[in-house]
Amino acid sequence: MRQINLLNVAIHSITMLELLESLRSGGVVFTPNVDHVMKLQRDRKFYSVYQEADYRVCDSKILMYVSNLLGTPIKEKISGSDLFPAFYHYYQYDQNIKIFLLGSETQVVKQAQKNVNAKVGRNIVVAAHSPSFGFEKNEQECQKIVELINRSQATVLAIGVGAPKQEIWIAKYRQQLKHIKVFLAIGATIDFEAGNIQRSPKWMSEIGLEWLYRLVNEPKRLWRRYILSAVPFLWLILQQRLQLYRNPWSAIELKNSEKFGINDQKKDSSSINLATNHKSVSIIKNIR
């Protein structure tokens, strides 16, 4: 699978259909955008966790434009808010797919569960839970969440608690989740599915202005992410264009490799026995 190096992120150049089909064998999916890329320059733990993802797919038209500028085009934008509905429609007839929703407020996540199940025509979302604020720092609560997920018999975890919390939580508790084969880090998607927050018009998303729509609607929460990251991001891209960019963690990785040796073994992903969905292509074409 082709990977595009954008600063210190290796993004998989893959189509939605290719990704959905690949997830028959399970895997962890992260969706890098400009905010993620900038956090990966500063947060070593986040960077380390990002390397463990099986799929890092482009969640930003801006990143697509930049990759084209750098001469390494990415096939398709696959945001979490597009991937999740595409996933549950693609596997809507497969009884082995059982989703656990983790994130947002109690009323919101329960409404999202209800809405998704109504669209699919079965209880594909078998359970939903809203964690408390700061739950990731409370080991007792995290263990209760692990227990809830295991008890639900879910095979898919869709977690939307924001980056880098959702990615780090997956990495930390992945091995304790007995039945989960597919891990989707989906950000604000739960709110979209509940109808709590409206997505931008399709034309804005297609030309890369979804960030502007969200900024106008949630200025207090998002202004730092979109405004303060813009100039530093463009400066880093210019450095890469001039071949001057250096991964801030490369020296540390090299030192650790020399000290401990390099271990490239990857954890085997357990296979999911999924039925063929003959309506897959037509469904995806009708999804944003």
# chains A, B, ... in the order shown; residues from 1 in each chain; ligands from 1

$ select_by_dssp --residues "region 193-258 of chain A" --states "alpha helix (DSSP H)" --output "JSON, numbers by chain"
{"A": [193, 194, 202, 203, 204, 205, 206, 210, 211, 212, 213, 214, 215, 216, 217, 219, 220, 221, 222, 223, 230, 231, 232, 233, 234, 235, 236, 237, 238, 239, 240, 241, 250, 251, 252, 253, 254, 255, 256, 257, 258]}

$ residues_around --residues "region 73-82 of chain A" --least-positions-apart "6" --cutoff "7 Å" --atoms "only C-alpha atoms" --output "list of chain:residue names"
A:Ser13, A:Ile14, A:Thr15, A:Met16, A:Thr31, A:Val57, A:Cys58, A:Asp59, A:Ser60, A:Lys61, A:Met64, A:Ser67, A:Ile186, A:Gly187, A:Thr189, A:Arg288

$ residues_around --residues "Ala230 (chain A)" --least-positions-apart "5" --cutoff "10 Å" --atoms "only C-alpha atoms" --output "PyMOL selection string"
chain A and resi 34-35+38+224-225+235

$ write_last_selection --atoms "N, CA and C atoms" --output "compact mmCIF listing (two decimals), in the first residue's frame"
# COMPACT_ATOMS: atom_id res chain seq x y z
N VAL A 34 -4.82 18.60 9.58
CA VAL A 34 -3.80 19.60 9.91
C VAL A 34 -3.57 19.66 11.41
N ASP A 35 -4.64 19.58 12.19
CA ASP A 35 -4.51 19.62 13.64
C ASP A 35 -3.66 18.46 14.15
N MET A 38 0.10 18.96 13.27
CA MET A 38 0.79 19.91 14.14
C MET A 38 1.03 19.33 15.53
N ARG A 224 -8.36 28.19 18.09
CA ARG A 224 -6.95 27.88 18.28
C ARG A 224 -6.47 26.83 17.29
N ARG A 225 -7.32 25.80 17.12
CA ARG A 225 -6.94 24.71 16.21
C ARG A 225 -6.73 25.20 14.79
N TRP A 235 4.62 27.01 7.19
CA TRP A 235 6.07 27.17 7.29
C TRP A 235 6.76 25.80 7.23

$ closest_residue --among "A:Arg199, A:Arg246, A:His129, A:His36" --to "Ile159 (chain A)" --atoms "only C-alpha atoms"
A:His129

$ residues_around --residues "Val108 (chain A)" --least-positions-apart "6" --cutoff "10 Å" --atoms "only C-alpha atoms" --output "ChimeraX atom specification"
/A:114,128-130,190-196

$ write_last_selection --atoms "N, CA and C atoms" --output "compact mmCIF listing (two decimals), in the first residue's frame"
# COMPACT_ATOMS: atom_id res chain seq x y z
N LYS A 114 -29.26 5.22 18.25
CA LYS A 114 -30.62 5.04 17.74
C LYS A 114 -30.71 5.40 16.25
N ALA A 128 -23.55 1.86 23.64
CA ALA A 128 -22.96 3.21 23.55
C ALA A 128 -22.71 3.73 24.95
N HIS A 129 -21.62 4.48 25.09
CA HIS A 129 -21.26 4.97 26.43
C HIS A 129 -20.61 6.34 26.33
N SER A 130 -20.97 7.20 27.29
CA SER A 130 -20.38 8.52 27.39
C SER A 130 -19.42 8.55 28.58
N ILE A 190 -19.71 11.27 16.24
CA ILE A 190 -20.86 10.87 17.05
C ILE A 190 -21.87 12.01 17.12
N ASP A 191 -21.39 13.23 17.27
CA ASP A 191 -22.28 14.40 17.31
C ASP A 191 -22.99 14.59 15.97
N PHE A 192 -22.28 14.35 14.88
CA PHE A 192 -22.91 14.44 13.56
C PHE A 192 -24.01 13.40 13.42
N GLU A 193 -23.72 12.16 13.84
CA GLU A 193 -24.69 11.08 13.70
C GLU A 193 -25.94 11.33 14.55
N ALA A 194 -25.75 11.99 15.69
CA ALA A 194 -26.88 12.29 16.57
C ALA A 194 -27.70 13.48 16.06
N GLY A 195 -27.12 14.24 15.13
CA GLY A 195 -27.79 15.45 14.66
C GLY A 195 -27.57 16.61 15.60
N ASN A 196 -26.67 16.43 16.56
CA ASN A 196 -26.37 17.46 17.55
C ASN A 196 -25.58 18.62 16.92

$ residues_around --residues "Glu210 (chain A)" --least-positions-apart "3" --cutoff "10 Å" --atoms "only C-alpha atoms" --output "list in words"
Ser60, Lys61, Arg199, Ser200, Pro201, Lys202, Trp203, Met204, Ser205, Glu206, Ile207, Tyr213, Arg214 and Leu215 of chain A

$ atom_distance --atom1 "CA of Ile227 (chain A)" --atom2 "CA of Leu6 (chain A)"
20.1 Å

$ atom_distance --atom1 "CA of Lys98 (chain A)" --atom2 "CA of Gln153 (chain A)"
7.4 Å

$ residues_around --residues "Ile99 (chain A)" --least-positions-apart "6" --cutoff "6 Å" --atoms "only C-alpha atoms" --output "PDB file with C-alpha atoms, in the first residue's frame"
ATOM      1  CA  ILE A 124     -25.566  -2.786  14.415  1.00  0.00           C
ATOM      2  CA  VAL A 125     -24.596  -0.442  17.283  1.00  0.00           C
ATOM      3  CA  VAL A 126     -24.987  -2.834  20.197  1.00  0.00           C
ATOM      4  CA  ALA A 154     -18.862  -5.699  20.029  1.00  0.00           C
ATOM      5  CA  VAL A 156     -15.883  -2.707  16.285  1.00  0.00           C
ATOM      6  CA  LEU A 157     -14.973   0.218  18.543  1.00  0.00           C
TER       7      LEU A 157
END
